[in-house]
Amino acid sequence: MGYVTKEQIEKAREMDLLTYLQCYEPNNLKPFGRNSYCLKDHDSLKISNGKWFWWSQNIGGRSALDYLVSVRNVPFTEAVTMLCGNDVITQYQTQNVKEKPKAVFIPPERYVNDNKVIEYLQKRGIDKEMIAYCIDNKTLYEEKKYHNAVFAGYDNTGRMKYAFKRSTHTHSIFMGEVEESDKRYSFSMIPQESKPEGIAIFESAIDALSYATILKYGNKDWKQCRYLSLGGIYKEKGNAGYKLPLALEEYLKQNTSTKLVLMCLDNDDIGIKAMEQIANALENTEIRCVWNPPQDQKDYNAVIMAKKHLTNVKTRGNKNEEISR
């Protein structure tokens with residue numbers, strides 16, 4: 001078993017997976033949608049926006065090092081040594097000598113209507129009132145080219161700075177942020193009637209819409225609440241302590257009267273760790289963190305879908321009962 005230094009590990013992590021594959025496994029790489037790729041020998045492994053995720057195995061990462069260890073089962077020290085080898089680093093550094101033009105955020109072009117998005121979200125159990133609210137506020141629309149649902153976020157000047165796309169096709173798992181999206185301005189719902197001292201946070205826009213739907217069906221005024229999608233979550237501890245997700249950090253900067261963060265993240269290991277991180281980051285502030293993950297399901301959309309399924313079963317049962325009479 002070899003030994004590698006901290007510097008070697010940091011150097012090895014510099015290479016992203018797409019660069020590695022283009023250099024060393026080009027025949028195993030194939031396009032998958034716009035600016036996305038998958039592997040020929042593992043077609044459920046998708047690469048997009050500098051990240052990769054192997055859906056069939058529920059694992060993912062960013063770097064080529066993560067890929068070699070988790071997918072190719074290369075021992076960690078051997079993988080680091082490979083990536084720090086002269087041939088690999090020379091090609092990688094040579095490829096990055098030429099300056100590439102800086103990418104800019106370009107919002108997806110809007111389609112003439114939002115019918116597919118409305119249909120898709122209603123199938124996910126989202127109430128039509130929330131859908132209409134988001135469409136009216138231009139935080140939700142249908143993409144022209146692929147008819148994806150686009151969840152948008154804006155900066156303080158009203159410029160769109162963030163967009164997350166999700167396929168409206170039943171059997172498609174495509175989703176991802178538009179290139180150069182700024183996570184500080186992730187999707188949110190801030191009704192005028194809402195109370196400024198609190199914010200409910202979610203991992204995704206659909207979870208936020210689902211929670212609003214649950215409030216409505218529970219005879220509560222969903223417009224009294226504020227909703228913020230974090231655009232995904234991560235766990236990171238920096239030199240200055242625990243970090244807040246960028247979307248929440250920016251929101252708190254712009255809304256200094258906030259006294260409560262209602263944490264509605266997923267009820268799984270990743271979501272629980274993220275809520276612990278957020279609570280630790282806000283521990284010495286005047287902001288109170290309240291844990292509020294879904295109790296019996298992974299996320300709030302799963303809560304809606306489970307209730308919807310149960311309702312459909314009961315309805316079918318009643319109809320069969322009437323027929324039997």
# chains A, B, ... in the order shown; residues from 1 in each chain; ligands from 1
>>> select_by_dssp(residues="range 26-182 of chain A", states="strand (DSSP E)", output="ChimeraX atom specification")
/A:29-31,36-39,45-48,51-54,59-61,140-142,149-154,160-166,175-177
>>> write_last_selection(atoms="C-alpha atoms", output="mmCIF file, in the first residue's frame")
data_model
loop_
_atom_site.group_PDB
_atom_site.id
_atom_site.type_symbol
_atom_site.label_atom_id
_atom_site.label_comp_id
_atom_site.auth_asym_id
_atom_site.auth_seq_id
_atom_site.Cartn_x
_atom_site.Cartn_y
_atom_site.Cartn_z
ATOM 1 C CA LEU A 29 -18.074 8.944 -23.528
ATOM 2 C CA LYS A 30 -21.266 9.879 -25.336
ATOM 3 C CA PRO A 31 -23.432 13.045 -25.354
ATOM 4 C CA SER A 36 -24.398 16.552 -20.539
ATOM 5 C CA TYR A 37 -22.758 13.171 -21.062
ATOM 6 C CA CYS A 38 -23.050 9.553 -20.004
ATOM 7 C CA LEU A 39 -20.822 6.495 -20.202
ATOM 8 C CA LEU A 45 -23.808 7.496 -14.973
ATOM 9 C CA LYS A 46 -24.544 11.077 -16.037
ATOM 10 C CA ILE A 47 -22.108 14.015 -16.166
ATOM 11 C CA SER A 48 -23.352 17.613 -16.100
ATOM 12 C CA LYS A 51 -20.607 16.907 -11.425
ATOM 13 C CA TRP A 52 -21.393 13.250 -12.052
ATOM 14 C CA PHE A 53 -23.951 10.865 -10.598
ATOM 15 C CA TRP A 54 -24.332 7.114 -11.073
ATOM 16 C CA ILE A 59 -23.383 7.550 -5.802
ATOM 17 C CA GLY A 60 -21.778 10.636 -7.294
ATOM 18 C CA GLY A 61 -19.003 13.189 -7.082
ATOM 19 C CA LEU A 140 -41.780 28.910 -13.478
ATOM 20 C CA TYR A 141 -42.202 28.352 -17.211
ATOM 21 C CA GLU A 142 -41.926 25.828 -20.020
ATOM 22 C CA ALA A 149 -39.982 22.804 -16.551
ATOM 23 C CA VAL A 150 -37.760 25.775 -15.690
ATOM 24 C CA PHE A 151 -37.607 27.007 -12.084
ATOM 25 C CA ALA A 152 -36.072 30.485 -12.097
ATOM 26 C CA GLY A 153 -34.453 32.769 -9.545
ATOM 27 C CA TYR A 154 -33.768 36.526 -9.692
ATOM 28 C CA MET A 160 -32.793 36.190 -13.791
ATOM 29 C CA LYS A 161 -29.591 34.697 -12.403
ATOM 30 C CA TYR A 162 -30.606 31.093 -11.786
ATOM 31 C CA ALA A 163 -32.506 28.388 -13.655
ATOM 32 C CA PHE A 164 -33.072 24.726 -12.849
ATOM 33 C CA LYS A 165 -34.493 22.461 -15.550
ATOM 34 C CA ARG A 166 -36.488 19.294 -14.958
ATOM 35 C CA MET A 175 -32.671 17.559 -14.369
ATOM 36 C CA GLY A 176 -29.938 20.059 -13.684
ATOM 37 C CA GLU A 177 -28.964 23.683 -13.330
#
>>> residues_around(residues="Val112 in chain A", least_positions_apart="4", cutoff="12 Å", atoms="only C-alpha atoms", output="PyMOL selection string")
chain A and resi 116-117+141-145+147
>>> closest_atom_pairs(of="range 108-175 of chain A", to="range 208-227 of chain A", cutoff="8 Å", atoms="only C-alpha atoms", output="CSV")
residue,atom,partner,partner_atom,distance
A:Gly125,CA,A:Ser210,CA,7.3
A:Ile126,CA,A:Ser210,CA,5.7
A:Asp127,CA,A:Thr213,CA,5.6
A:Met130,CA,A:Leu209,CA,6.6
A:Ile131,CA,A:Leu209,CA,7.9
>>> residues_around(residues="Leu17 in chain A", least_positions_apart="5", cutoff="7 Å", atoms="only C-alpha atoms", output="PyMOL selection string")
chain A and resi 62-64+67
>>> select_by_dssp(residues="range 133-322 of chain A", states="helix (DSSP H, G or I)", output="NGL selection string")
:A and (133-136 or 183-185 or 205-217 or 222-224 or 246-254 or 269-281 or 300-322)
>>> atom_distance(atom1="CA of Thr77 in chain A", atom2="CA of Val4 in chain A")
6.2 Å
>>> closest_residue(among="A:Asn49, A:Leu262, A:Ala200, A:Glu180", to="Asn35 in chain A", atoms="only C-alpha atoms")
A:Asn49
>>> atom_distance(atom1="CA of Ser194 in chain A", atom2="CA of Tyr251 in chain A")
14.7 Å
>>> atom_distance(atom1="CA of Cys134 in chain A", atom2="CA of Ser188 in chain A")
9.1 Å
>>> residues_around(residues="Asn156 in chain A", least_positions_apart="3", cutoff="9 Å", atoms="only C-alpha atoms", output="tab-separated table (two decimals) with C-alpha atoms, in the first residue's frame")
chain	number	residue	atom	x	y	z
A	159	ARG	CA	-32.57	39.95	-13.45
A	185	TYR	CA	-30.50	33.44	-6.28
A	254	GLN	CA	-31.06	40.67	2.24
>>> residues_around(residues="range 285-300 of chain A", least_positions_apart="5", cutoff="10 Å", atoms="only C-alpha atoms", output="ChimeraX atom specification")
/A:197-204,206-214,252,256-268,271-272,275-276,278-280,305-306
